[in-house]
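Visitor: Next up, model-v4.cif (mmCIF, C-alpha atoms).
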data_protein
loop_
_atom_site.label_atom_id
_atom_site.label_comp_id
_atom_site.auth_asym_id
_atom_site.auth_seq_id
_atom_site.Cartn_x
_atom_site.Cartn_y
_atom_site.Cartn_z
CA MET A 205 -86.92 -23.63 11.86
CA ALA A 206 -87.32 -25.36 8.48
CA ALA A 207 -85.21 -28.44 7.93
CA LEU A 208 -82.28 -27.92 5.61
CA ASN A 209 -82.88 -29.68 2.34
CA PRO A 210 -79.48 -29.99 0.62
CA ALA A 211 -80.96 -30.98 -2.74
CA GLU A 212 -83.29 -27.96 -2.74
CA LYS A 213 -80.44 -25.71 -1.58
CA ARG A 214 -78.25 -27.01 -4.37
CA ARG A 215 -80.95 -26.24 -6.95
CA THR A 216 -81.30 -22.75 -5.45
CA PHE A 217 -77.55 -22.15 -5.74
CA GLU A 218 -77.59 -23.38 -9.32
CA ARG A 219 -80.45 -21.00 -10.15
CA LEU A 220 -78.65 -18.14 -8.43
CA GLY A 221 -75.69 -18.90 -10.68
CA SER A 222 -77.76 -17.29 -13.47
CA VAL A 223 -78.07 -13.97 -11.66
CA ARG A 224 -74.99 -12.67 -13.46
CA GLU A 225 -76.55 -13.27 -16.90
CA ILE A 226 -79.90 -11.77 -15.88
CA VAL A 227 -78.44 -8.63 -14.29
CA PHE A 228 -75.87 -8.17 -17.02
CA GLY A 229 -78.46 -8.71 -19.76
CA ILE A 230 -81.11 -6.39 -18.32
CA GLN A 231 -78.62 -3.70 -17.43
CA ASP A 232 -76.95 -3.82 -20.81
CA GLY A 233 -80.27 -3.94 -22.66
CA VAL A 234 -81.67 -0.98 -20.74
CA LEU A 235 -78.47 1.05 -20.95
CA THR A 236 -77.69 0.37 -24.58
CA THR A 237 -81.20 1.12 -25.75
CA ALA A 238 -81.59 4.17 -23.53
CA GLY A 239 -78.21 5.35 -24.78
CA VAL A 240 -79.24 4.80 -28.40
CA LEU A 241 -82.56 6.62 -27.85
CA ALA A 242 -80.94 9.48 -26.00
CA GLY A 243 -78.04 9.77 -28.41
CA LEU A 244 -80.11 9.57 -31.60
CA SER A 245 -82.79 11.87 -30.21
CA GLY A 246 -80.09 14.47 -29.90
CA ALA A 247 -78.57 13.74 -33.31
CA VAL A 248 -81.49 12.76 -35.58
CA SER A 249 -84.69 14.73 -36.00
CA GLY A 250 -86.98 11.91 -37.28
CA ARG A 251 -88.72 9.88 -34.55
CA SER A 252 -89.21 6.81 -36.78
CA GLN A 253 -85.49 6.76 -37.58
CA VAL A 254 -84.72 6.71 -33.87
CA ILE A 255 -87.19 3.86 -33.28
CA LEU A 256 -85.84 1.82 -36.19
CA ALA A 257 -82.27 2.31 -35.03
CA ALA A 258 -83.23 1.33 -31.48
CA LEU A 259 -85.03 -1.80 -32.74
CA ALA A 260 -82.03 -2.77 -34.83
CA SER A 261 -79.77 -2.13 -31.88
CA THR A 262 -82.05 -4.24 -29.65
CA ALA A 263 -82.10 -7.19 -32.05
CA ALA A 264 -78.37 -7.05 -32.67
CA GLY A 265 -77.64 -6.57 -28.97
CA ALA A 266 -79.83 -9.45 -27.83
CA LEU A 267 -78.31 -11.82 -30.40
CA SER A 268 -74.80 -10.64 -29.77
CA MET A 269 -75.09 -10.80 -25.99
CA GLY A 270 -76.81 -14.19 -26.11
CA ALA A 271 -74.19 -15.60 -28.46
CA GLY A 272 -71.43 -14.03 -26.40
CA ALA A 273 -72.73 -15.55 -23.19
CA TYR A 274 -73.13 -18.96 -24.88
CA LEU A 275 -69.65 -18.92 -26.35
CA GLY A 276 -68.10 -17.50 -23.20
CA THR A 277 -69.65 -20.10 -20.91
CA ARG A 278 -68.85 -22.87 -23.40
CA ALA A 279 -65.20 -21.84 -23.61
CA GLU A 280 -64.95 -21.40 -19.84
CA THR A 281 -66.54 -24.80 -19.25
CA GLN A 282 -64.21 -26.53 -21.70
CA VAL A 283 -61.12 -24.89 -20.19
CA MET A 284 -62.25 -25.66 -16.65
CA ARG A 285 -63.14 -29.27 -17.50
CA ASN A 286 -59.74 -29.70 -19.06
CA GLN A 287 -58.09 -28.30 -15.94
CA LEU A 288 -60.23 -30.53 -13.74
CA GLU A 289 -59.19 -33.53 -15.81
CA LEU A 290 -55.52 -32.58 -15.40
CA VAL A 291 -55.99 -32.20 -11.65
CA ARG A 292 -57.69 -35.60 -11.50
CA ARG A 293 -54.83 -37.26 -13.38
CA GLU A 294 -52.26 -35.61 -11.09
CA SER A 295 -54.27 -36.62 -8.04
CA ALA A 296 -54.45 -40.23 -9.16
CA SER A 297 -50.71 -40.37 -9.75
CA GLN A 298 -49.78 -38.48 -6.56
CA PRO A 299 -52.37 -39.28 -3.90
CA TYR A 300 -49.91 -38.50 -1.09
CA VAL A 301 -49.57 -34.93 -2.34
CA VAL A 302 -53.36 -34.51 -2.44
CA GLN A 303 -53.65 -35.92 1.07
CA GLU A 304 -50.95 -33.60 2.39
CA GLU A 305 -52.47 -30.53 0.72
CA LEU A 306 -55.93 -31.38 2.03
CA LEU A 307 -54.47 -31.90 5.49
CA ALA A 308 -52.79 -28.50 5.33
CA ALA A 309 -56.06 -26.88 4.17
CA LEU A 310 -57.96 -28.40 7.09
CA ALA A 311 -55.24 -27.24 9.50
CA ARG A 312 -55.52 -23.70 8.12
CA GLU A 313 -59.25 -23.83 8.86
CA GLY A 314 -58.59 -24.59 12.51
CA LEU A 315 -58.53 -28.39 12.79
CA SER A 316 -55.67 -29.94 14.72
CA ARG A 317 -53.18 -31.83 12.59
CA GLU A 318 -54.20 -35.08 14.21
CA ALA A 319 -57.94 -34.49 13.63
CA GLY A 320 -57.31 -33.43 10.04
CA TYR A 321 -55.18 -36.51 9.48
CA ARG A 322 -57.98 -38.78 10.66
CA ILE A 323 -60.51 -37.07 8.38
CA VAL A 324 -58.24 -37.31 5.33
CA LYS A 325 -57.42 -40.91 6.19
CA LEU A 326 -61.13 -41.75 6.34
CA LEU A 327 -61.74 -39.96 3.03
CA SER A 328 -58.85 -41.89 1.51
CA ARG A 329 -60.75 -45.13 1.95
CA ALA A 330 -62.86 -43.98 -1.00
CA PRO A 331 -60.50 -42.27 -3.47
CA ALA A 332 -63.42 -40.66 -5.32
CA ALA A 333 -64.47 -38.95 -2.09
CA LEU A 334 -60.91 -37.85 -1.38
CA PHE A 335 -60.36 -36.39 -4.83
CA SER A 336 -63.73 -34.64 -5.12
CA THR A 337 -63.23 -33.10 -1.65
CA ALA A 338 -59.72 -32.01 -2.61
CA GLU A 339 -60.95 -30.53 -5.91
CA GLN A 340 -63.57 -28.45 -4.15
CA LYS A 341 -61.50 -27.47 -1.13
CA LEU A 342 -58.13 -26.92 -2.74
CA TYR A 343 -58.97 -25.69 -6.22
CA GLY A 344 -62.62 -24.58 -5.99
CA LEU A 345 -63.37 -26.95 -8.87
CA SER A 346 -66.34 -29.27 -9.15
CA ASP A 347 -68.68 -30.57 -11.83
CA ALA A 348 -71.54 -28.58 -10.28
CA ALA A 349 -69.65 -25.30 -10.68
CA PHE A 350 -69.78 -25.39 -14.46
CA GLY A 351 -72.35 -23.22 -16.18
CA ASN A 352 -74.74 -24.36 -18.89
CA ALA A 353 -73.82 -22.53 -22.09
CA THR A 354 -77.28 -22.84 -23.68
CA VAL A 355 -79.09 -21.62 -20.57
CA ASP A 356 -76.62 -18.77 -20.09
CA GLY A 357 -76.95 -17.70 -23.73
CA LEU A 358 -80.75 -17.77 -23.67
CA LEU A 359 -80.96 -15.96 -20.34
CA MET A 360 -78.56 -13.26 -21.45
CA GLY A 361 -80.35 -12.71 -24.78
CA VAL A 362 -83.85 -12.66 -23.27
CA ALA A 363 -82.71 -10.45 -20.38
CA PHE A 364 -81.19 -8.01 -22.87
CA LEU A 365 -84.43 -8.01 -24.88
CA ILE A 366 -86.54 -7.33 -21.80
CA GLY A 367 -84.16 -4.64 -20.68
CA ALA A 368 -84.23 -3.02 -24.11
CA LEU A 369 -88.05 -2.85 -24.08
CA VAL A 370 -88.02 -0.77 -20.89
CA PRO A 371 -86.95 2.54 -22.50
CA LEU A 372 -88.15 1.60 -25.98
CA LEU A 373 -91.85 0.94 -25.25
CA PRO A 374 -92.66 4.40 -23.81
CA PHE A 375 -90.74 5.99 -26.68
CA VAL A 376 -92.80 4.04 -29.21
CA LEU A 377 -96.13 4.60 -27.46
CA ILE A 378 -95.72 8.33 -26.87
CA SER A 379 -95.74 10.41 -30.04
CA SER A 380 -93.64 13.30 -28.74
CA VAL A 381 -89.90 12.58 -28.93
CA ARG A 382 -89.12 14.68 -25.89
CA GLU A 383 -91.95 13.19 -23.78
CA GLY A 384 -91.25 9.68 -25.04
CA LEU A 385 -87.59 10.04 -24.18
CA THR A 386 -88.45 11.44 -20.76
CA ALA A 387 -90.85 8.57 -20.08
CA GLY A 388 -88.30 6.07 -21.40
CA ILE A 389 -85.63 7.44 -19.12
CA ALA A 390 -88.08 7.42 -16.21
CA THR A 391 -89.00 3.74 -16.73
CA THR A 392 -85.32 3.02 -17.26
CA ALA A 393 -84.53 4.65 -13.94
CA ILE A 394 -87.27 2.73 -12.15
CA VAL A 395 -86.25 -0.63 -13.62
CA LEU A 396 -82.54 -0.07 -13.02
CA PHE A 397 -83.26 0.94 -9.44
CA ALA A 398 -85.42 -2.17 -9.06
CA VAL A 399 -82.72 -4.44 -10.49
CA GLY A 400 -80.13 -3.00 -8.13
CA TYR A 401 -82.56 -3.11 -5.21
CA VAL A 402 -83.51 -6.75 -5.81
CA PHE A 403 -80.28 -8.36 -7.02
CA GLU A 404 -77.58 -6.30 -5.32
CA GLY A 405 -79.66 -5.41 -2.29
CA LEU A 406 -82.25 -7.98 -1.21
CA LEU A 407 -80.75 -11.15 -2.68
CA ALA A 408 -77.22 -10.11 -1.75
CA GLY A 409 -78.37 -9.60 1.85
CA GLU A 410 -77.38 -5.94 2.05
CA ARG A 411 -78.67 -4.16 5.14
CA ALA A 412 -79.84 -1.16 3.14
CA PRO A 413 -80.91 -2.46 -0.29
CA ILE A 414 -82.16 0.99 -1.20
CA PHE A 415 -78.54 2.15 -1.49
CA ALA A 416 -77.81 -0.75 -3.84
CA GLY A 417 -80.73 0.41 -5.96
CA PHE A 418 -79.46 3.98 -6.09
CA ARG A 419 -75.91 2.85 -6.82
CA PHE A 420 -77.11 0.79 -9.76
CA LEU A 421 -79.25 3.66 -10.94
CA ALA A 422 -76.42 6.20 -10.68
CA ILE A 423 -74.14 4.12 -12.89
CA ALA A 424 -76.88 3.54 -15.44
CA LEU A 425 -78.08 7.12 -15.67
CA GLY A 426 -74.50 8.34 -15.77
CA ALA A 427 -73.89 6.23 -18.89
CA ALA A 428 -77.16 7.41 -20.50
CA ALA A 429 -76.35 11.05 -19.79
CA ILE A 430 -72.91 10.66 -21.33
CA GLY A 431 -74.51 9.03 -24.39
CA TYR A 432 -76.90 11.94 -24.75
CA PHE A 433 -74.12 14.54 -24.58
CA VAL A 434 -72.02 12.58 -27.07
CA GLY A 435 -75.04 12.70 -29.39
CA LEU A 436 -75.24 16.47 -28.97
CA LEU A 437 -71.55 16.75 -29.73
CA ILE A 438 -71.68 14.70 -32.94
CA ALA A 439 -74.92 16.34 -34.20
CA PRO A 440 -73.04 19.10 -36.08
CA ILE A 441 -70.98 16.45 -37.92
CA GLY A 442 -74.17 14.68 -39.04
CA ALA A 443 -75.73 17.97 -40.15
CA ALA A 444 -72.62 18.93 -42.13
CA SER A 445 -72.44 15.58 -43.97
CA VAL A 446 -76.16 15.77 -44.88
CA GLY A 447 -75.77 19.38 -46.08
CA MET B 21 -26.28 -29.04 6.10
CA LEU B 22 -23.54 -30.97 7.84
CA LYS B 23 -21.25 -33.06 5.67
CA PRO B 24 -19.29 -36.28 6.18
CA GLY B 25 -16.48 -35.71 8.66
CA ASP B 26 -18.34 -33.03 10.68
CA SER B 27 -18.93 -33.68 14.35
CA ALA B 28 -22.54 -34.54 15.04
CA PRO B 29 -24.21 -31.94 17.28
CA LEU B 30 -25.19 -33.51 20.58
CA PHE B 31 -28.79 -33.67 21.73
CA ASP B 32 -30.70 -34.35 24.89
CA LEU B 33 -34.36 -34.16 24.00
CA PRO B 34 -37.76 -35.54 25.01
CA CYS B 35 -38.84 -38.51 22.99
CA ALA B 36 -41.54 -41.14 22.63
CA PHE B 37 -40.44 -44.73 22.67
CA ASP B 38 -42.28 -47.97 23.25
CA GLY B 39 -45.53 -46.12 24.00
CA LYS B 40 -43.96 -43.98 26.74
CA LEU B 41 -42.53 -40.48 27.03
CA SER B 42 -38.85 -40.32 27.85
CA HIS B 43 -35.58 -38.47 27.18
CA LEU B 44 -32.76 -39.43 24.88
CA ASN B 45 -29.27 -38.05 24.49
CA LEU B 46 -26.73 -38.90 21.84
CA ASP B 47 -24.07 -39.79 24.39
CA GLY B 48 -26.39 -42.39 25.85
CA ILE B 49 -26.65 -44.36 22.60
CA ARG B 50 -24.17 -47.25 22.74
CA SER B 51 -24.54 -48.74 19.26
CA GLU B 52 -21.70 -48.61 16.74
CA LEU B 53 -23.60 -46.45 14.26
CA VAL B 54 -26.62 -44.19 14.57
CA VAL B 55 -29.11 -43.44 11.82
CA LEU B 56 -30.62 -40.05 12.64
CA PHE B 57 -33.43 -39.23 10.27
CA PHE B 58 -35.36 -35.99 10.21
CA TYR B 59 -38.90 -35.87 8.85
CA PRO B 60 -41.30 -32.91 8.53
CA ARG B 61 -44.32 -33.74 10.67
CA ASP B 62 -46.26 -36.38 12.55
CA PHE B 63 -49.70 -37.17 11.18
CA SER B 64 -48.82 -36.78 7.54
CA PHE B 65 -49.14 -39.04 4.53
CA ILE B 66 -45.57 -39.35 3.25
CA CYS B 67 -43.71 -39.48 6.55
CA PRO B 68 -45.43 -42.66 7.77
CA THR B 69 -44.08 -44.61 4.81
CA GLU B 70 -40.60 -43.69 6.00
CA VAL B 71 -41.29 -44.13 9.71
CA ILE B 72 -42.86 -47.53 9.05
CA GLY B 73 -40.09 -48.39 6.60
CA PHE B 74 -37.42 -47.83 9.26
CA HIS B 75 -39.59 -49.68 11.77
CA LYS B 76 -39.79 -52.73 9.52
CA ALA B 77 -36.08 -52.59 8.76
CA GLN B 78 -35.10 -52.06 12.40
CA PRO B 79 -34.01 -55.71 12.96
CA ALA B 80 -31.70 -55.46 9.95
CA PHE B 81 -30.19 -52.22 11.30
CA LYS B 82 -29.86 -53.79 14.74
CA ALA B 83 -27.96 -56.68 13.18
CA GLU B 84 -25.56 -54.04 11.86
CA HIS B 85 -25.17 -52.63 15.41
CA THR B 86 -26.97 -49.50 14.31
CA SER B 87 -29.58 -47.53 16.26
CA ILE B 88 -32.33 -45.61 14.53
CA VAL B 89 -33.64 -42.28 15.81
CA GLY B 90 -36.41 -40.30 14.14
CA VAL B 91 -36.74 -36.53 14.67
CA SER B 92 -39.42 -33.96 13.90
CA VAL B 93 -40.57 -30.65 15.36
CA ASP B 94 -43.65 -32.26 16.95
CA ASP B 95 -43.79 -32.73 20.71
CA ALA B 96 -43.21 -36.06 22.43
CA GLU B 97 -46.91 -36.63 23.13
CA SER B 98 -47.68 -36.16 19.46
CA HIS B 99 -44.94 -38.67 18.67
CA ARG B 100 -46.46 -41.15 21.13
CA ARG B 101 -49.91 -40.84 19.58
CA TRP B 102 -48.49 -40.93 16.07
CA ALA B 103 -46.50 -44.09 16.83
CA HIS B 104 -49.65 -45.63 18.31
CA GLU B 105 -51.57 -44.64 15.16
CA LEU B 106 -48.97 -46.42 13.06
CA GLY B 107 -49.24 -49.57 15.15
CA GLY B 108 -46.06 -49.02 17.16
CA VAL B 109 -42.59 -47.82 16.22
CA SER B 110 -39.55 -49.80 17.37
CA TYR B 111 -37.16 -46.84 17.82
CA PRO B 112 -37.34 -43.47 19.60
CA LEU B 113 -38.93 -40.41 18.00
CA LEU B 114 -37.22 -37.23 19.22
CA ALA B 115 -39.21 -34.07 19.93
CA ASP B 116 -37.26 -31.22 18.37
CA ALA B 117 -39.65 -28.42 19.36
CA GLY B 118 -38.65 -25.24 17.58
CA GLY B 119 -36.36 -27.20 15.26
CA ARG B 120 -33.12 -26.34 17.07
CA LEU B 121 -31.59 -29.74 16.41
CA ALA B 122 -32.62 -29.54 12.76
CA GLN B 123 -30.98 -26.12 12.61
CA ALA B 124 -27.82 -27.52 14.20
CA TYR B 125 -27.69 -30.18 11.47
CA GLY B 126 -28.49 -27.57 8.84
CA VAL B 127 -31.72 -29.22 7.71
CA PHE B 128 -34.35 -26.79 8.98
CA ASP B 129 -36.84 -25.38 6.48
CA GLU B 130 -37.36 -21.85 7.81
CA LYS B 131 -40.35 -21.17 5.58
CA GLU B 132 -42.33 -24.22 6.67
CA SER B 133 -40.80 -24.38 10.18
CA VAL B 134 -40.18 -28.10 9.80
CA ALA B 135 -37.17 -30.31 9.23
CA LEU B 136 -36.27 -31.43 5.74
CA ARG B 137 -36.26 -35.13 4.89
CA ALA B 138 -32.64 -35.60 5.84
CA THR B 139 -30.80 -38.72 6.95
CA PHE B 140 -27.48 -38.80 8.80
CA VAL B 141 -25.43 -41.87 9.60
CA LEU B 142 -23.15 -41.17 12.55
CA ASP B 143 -20.11 -43.32 13.13
CA ARG B 144 -18.67 -44.60 16.39
CA ALA B 145 -16.96 -41.26 17.06
CA ARG B 146 -20.31 -39.58 16.37
CA THR B 147 -19.06 -37.78 13.35
CA VAL B 148 -21.16 -37.67 10.22
CA ALA B 149 -20.29 -40.64 8.01
CA TYR B 150 -23.08 -40.14 5.48
CA CYS B 151 -25.84 -37.63 4.86
CA VAL B 152 -28.59 -37.15 2.32
CA ALA B 153 -31.66 -34.91 2.00
CA SER B 154 -34.74 -35.55 -0.10
CA PRO B 155 -37.29 -33.06 -1.44
CA ILE B 156 -40.15 -32.45 0.99
CA ASN B 157 -42.58 -34.44 -1.18
CA VAL B 158 -40.33 -37.41 -1.92
CA GLY B 159 -39.80 -40.14 0.63
CA ARG B 160 -36.30 -41.44 1.20
CA SER B 161 -35.03 -44.95 0.60
CA VAL B 162 -34.71 -47.05 3.75
CA SER B 163 -32.98 -49.84 1.82
CA GLU B 164 -30.37 -47.40 0.50
CA THR B 165 -29.70 -46.23 4.06
CA LEU B 166 -29.22 -49.84 5.13
CA ARG B 167 -26.92 -50.49 2.17
CA VAL B 168 -24.81 -47.45 3.14
CA VAL B 169 -24.68 -48.59 6.78
CA ARG B 170 -23.45 -52.01 5.68
CA ALA B 171 -20.90 -50.43 3.36
CA ILE B 172 -19.60 -48.12 6.10
CA ARG B 173 -19.25 -51.06 8.49
CA THR B 174 -16.97 -52.89 6.06
CA GLY B 175 -14.38 -50.18 6.54
CA GLN B 176 -13.39 -50.83 2.93
CA LEU B 177 -13.62 -48.89 -0.30
CA CYS B 178 -17.01 -49.87 -1.68
CA PRO B 179 -17.71 -49.21 -5.35
CA ALA B 180 -20.95 -47.83 -6.72
CA ASP B 181 -24.03 -49.91 -5.97
CA TRP B 182 -22.01 -52.12 -3.70
CA GLU B 183 -24.07 -54.77 -1.98
CA PRO B 184 -23.09 -57.18 0.80
CA GLY B 185 -20.97 -59.96 -0.68
CA GLY B 186 -19.69 -57.69 -3.42
CA ASP B 187 -16.03 -56.90 -4.10
CA PHE B 188 -14.18 -54.25 -2.10
CA GLY B 189 -11.56 -51.84 -3.23
CA PRO B 190 -8.37 -51.27 -1.22
CA ALA B 191 -9.24 -49.60 2.09
CA ASP B 192 -6.36 -47.13 1.89
CA HIS B 193 -7.58 -45.68 -1.41
CA LYS B 194 -9.26 -42.38 -0.72
CA PHE B 195 -10.84 -41.69 -4.08
#
Here is the file; what I need is its structure written in the form of structure tokens.

Guide:
Amino acid sequence: MAALNPAEKRRTFERLGSVREIVFGIQDGVLTTAGVLAGLSGAVSGRSQVILAALASTAAGALSMGAGAYLGTRAETQVMRNQLELVRRESASQPYVVQEELLAALAREGLSREAGYRIVKLLSRAPAALFSTAEQKLYGLSDAAFGNATVDGLLMGVAFLIGALVPLLPFVLISSVREGLTAGIATTAIVLFAVGYVFEGLLAGERAPIFAGFRFLAIALGAAAIGYFVGLLIAPIGAASVG
Amino acid sequence: MLKPGDSAPLFDLPCAFDGKLSHLNLDGIRSELVVLFFYPRDFSFICPTEVIGFHKAQPAFKAEHTSIVGVSVDDAESHRRWAHELGGVSYPLLADAGGRLAQAYGVFDEKESVALRATFVLDRARTVAYCVASPINVGRSVSETLRVVRAIRTGQLCPADWEPGGDFGPADHKF
């Protein structure tokens, strides 16, 4: 059995913290672009118009999602840091309360009151250790839990871009709209299944990752199909306004 | 919660005292006054400041012919270990398992299943002469308890913030 390396494990957990941005970005990029392609293919007759619209949608989506992730993580981090600072000030002014709450938390996890008391008493010899333990155990707060806004923004934007290319490339490379759309939807399906299989199945430790893949795929294709039918529905409106 | 003038409910409970397990009943306490203080739990971080505070002030209470008795819902063995942890406690700690005594004095926190931080001073007739309860996260004042004990023992009308050596009011004035 390999020795546990806490530093390496910590880095792994920090990297895994980016899974949300990657999955969200790819899924949204694939879905949005597939939806645009499917919808416009039903509504617009010109292939180049569809490609241009999809490219514009991809660029806008990647920028918007990247900026959104950056701003979201930045705001979350600032709010959480402010809360952490408040907790630290309260802890410093009321150490007895922190000690009692930590003691109660340890008791809830099965330690005897006496054993918990001794642990908290030992921790109290170094207030920094007491407060950081209390922050993590009582409030789930710690410096390590904060995301990196720049990394999150970049990951989200790039993931969206990669996701968008999945249905777009076959559509661009194949001259027939119908065949390009079919190929785009096929690659979309494969990639979405793969994302679900890997992230929700394998990495999440599911016993049957194949189901995670199909679940992911079902949601994605459901959205694309709805987009396509919405395009069919609004096609007469477009035709009327042109006429 | 009981109030001044109420008869103090009797007790005969296991206790820890002087490093040993024993029993204590109210009738067996011969001192003029009794300070009965309830605290939530052994092995906590606010209670020891009170338990140690009463321990340090015990000679002053003894000089006022007053016994001190601590009470919590922990068992007597826990009290013994807790007293040992604190370096020894010079008065008995009563084991009020289930909190029946705390209920009898009206100071049982049903939600937490512990006693409130309540202090009772019982007079010679073992009626309540003084009582006070603090919030669960605020320790009580040992020096205030001692001041009240001294005031009660004068048998006089003591004005606000009276301290030993201070002026008395007429003893027959009720208000």

Visitor: Tell me as a PyMOL selection string which residues belonging to chain B come within 8 Å of chain A, counting only C-alpha atoms.

Guide: chain B and resi 63-66+157

Visitor: Which residues are near Pro24 of chain B? Cut-off 6 Å, only C-alpha atoms, ignore same chain within fewer than 2 positions. Put them as a ChimeraX atom specification.

Guide: /B:26,148-150

Visitor: Can you spell out as a PyMOL selection string the set of residues that the PyMOL selection byres ((chain A and resi 351-363) around 12) selects in the structure I just provided?

Guide: chain A and resi 217-234+262-282+284-285+346-350+364-370+399

Visitor: Find the axis-aligned box for segment 97-102 of chain B, covering all its listed atoms and adding 4 Å on each side, and write its centre and edge lengths in Å to one decimal as lines of an AutoDock Vina configuration file.

Guide:
center_x = -47.4
center_y = -38.7
center_z = 19.6
size_x = 13.0
size_y = 13.0
size_z = 15.1

Visitor: Of the candidates B:Asp94, B:Glu105, B:Glu164, B:Asp187, which one gets nearest to Tyr59 of chain B if we count all atoms listed in the file?

Guide: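 Counting all atoms listed in the file, the residue closest to Tyr59 of chain B is B:Asp94.
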
Visitor: So which one's closest to Phe74 of chain B, B:Lys131, B:Arg61, B:Arg160, B:Arg170? Using all atoms listed in the file, please.

Guide: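 Answer, going by the shortest atom-to-atom distance: B:Arg160.
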
Visitor: At what distance in Å, to one decimal, does atom CA of Ile156 of chain B lie from atom CA of Gln123 of chain B?

Guide: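 Atom CA of Ile156 of chain B lies 16.1 Å from atom CA of Gln123 of chain B.
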
Visitor: Can you turn the PyMOL selection byres ((chain B and resi 161) around 12) into a concrete residue list for this file, as an mmCIF file with C-alpha atoms, in the frame of the given file?

Guide:
data_model
loop_
_atom_site.group_PDB
_atom_site.id
_atom_site.type_symbol
_atom_site.label_atom_id
_atom_site.label_comp_id
_atom_site.auth_asym_id
_atom_site.auth_seq_id
_atom_site.Cartn_x
_atom_site.Cartn_y
_atom_site.Cartn_z
ATOM 1 C CA PHE B 57 -33.430 -39.230 10.270
ATOM 2 C CA CYS B 67 -43.710 -39.480 6.550
ATOM 3 C CA THR B 69 -44.080 -44.610 4.810
ATOM 4 C CA GLU B 70 -40.600 -43.690 6.000
ATOM 5 C CA VAL B 71 -41.290 -44.130 9.710
ATOM 6 C CA ILE B 72 -42.860 -47.530 9.050
ATOM 7 C CA GLY B 73 -40.090 -48.390 6.600
ATOM 8 C CA PHE B 74 -37.420 -47.830 9.260
ATOM 9 C CA ALA B 77 -36.080 -52.590 8.760
ATOM 10 C CA ARG B 137 -36.260 -35.130 4.890
ATOM 11 C CA ALA B 138 -32.640 -35.600 5.840
ATOM 12 C CA THR B 139 -30.800 -38.720 6.950
ATOM 13 C CA VAL B 152 -28.590 -37.150 2.320
ATOM 14 C CA ALA B 153 -31.660 -34.910 2.000
ATOM 15 C CA SER B 154 -34.740 -35.550 -0.100
ATOM 16 C CA VAL B 158 -40.330 -37.410 -1.920
ATOM 17 C CA GLY B 159 -39.800 -40.140 0.630
ATOM 18 C CA ARG B 160 -36.300 -41.440 1.200
ATOM 19 C CA VAL B 162 -34.710 -47.050 3.750
ATOM 20 C CA SER B 163 -32.980 -49.840 1.820
ATOM 21 C CA GLU B 164 -30.370 -47.400 0.500
ATOM 22 C CA THR B 165 -29.700 -46.230 4.060
ATOM 23 C CA LEU B 166 -29.220 -49.840 5.130
ATOM 24 C CA ARG B 167 -26.920 -50.490 2.170
ATOM 25 C CA VAL B 168 -24.810 -47.450 3.140
#

Visitor: Check the smallest atom-to-atom distance from each of B:Leu114, B:Val93, B:Met21, B:Leu177 to Leu44 of chain B using all atoms listed in the file, then report the winner.

Guide: B:Leu114

Visitor: Report, in Å with one decimal, the straight-line distance from atom CA of Leu288 of chain A to atom CA of Ala333 of chain A.

Guide: 15.0 Å
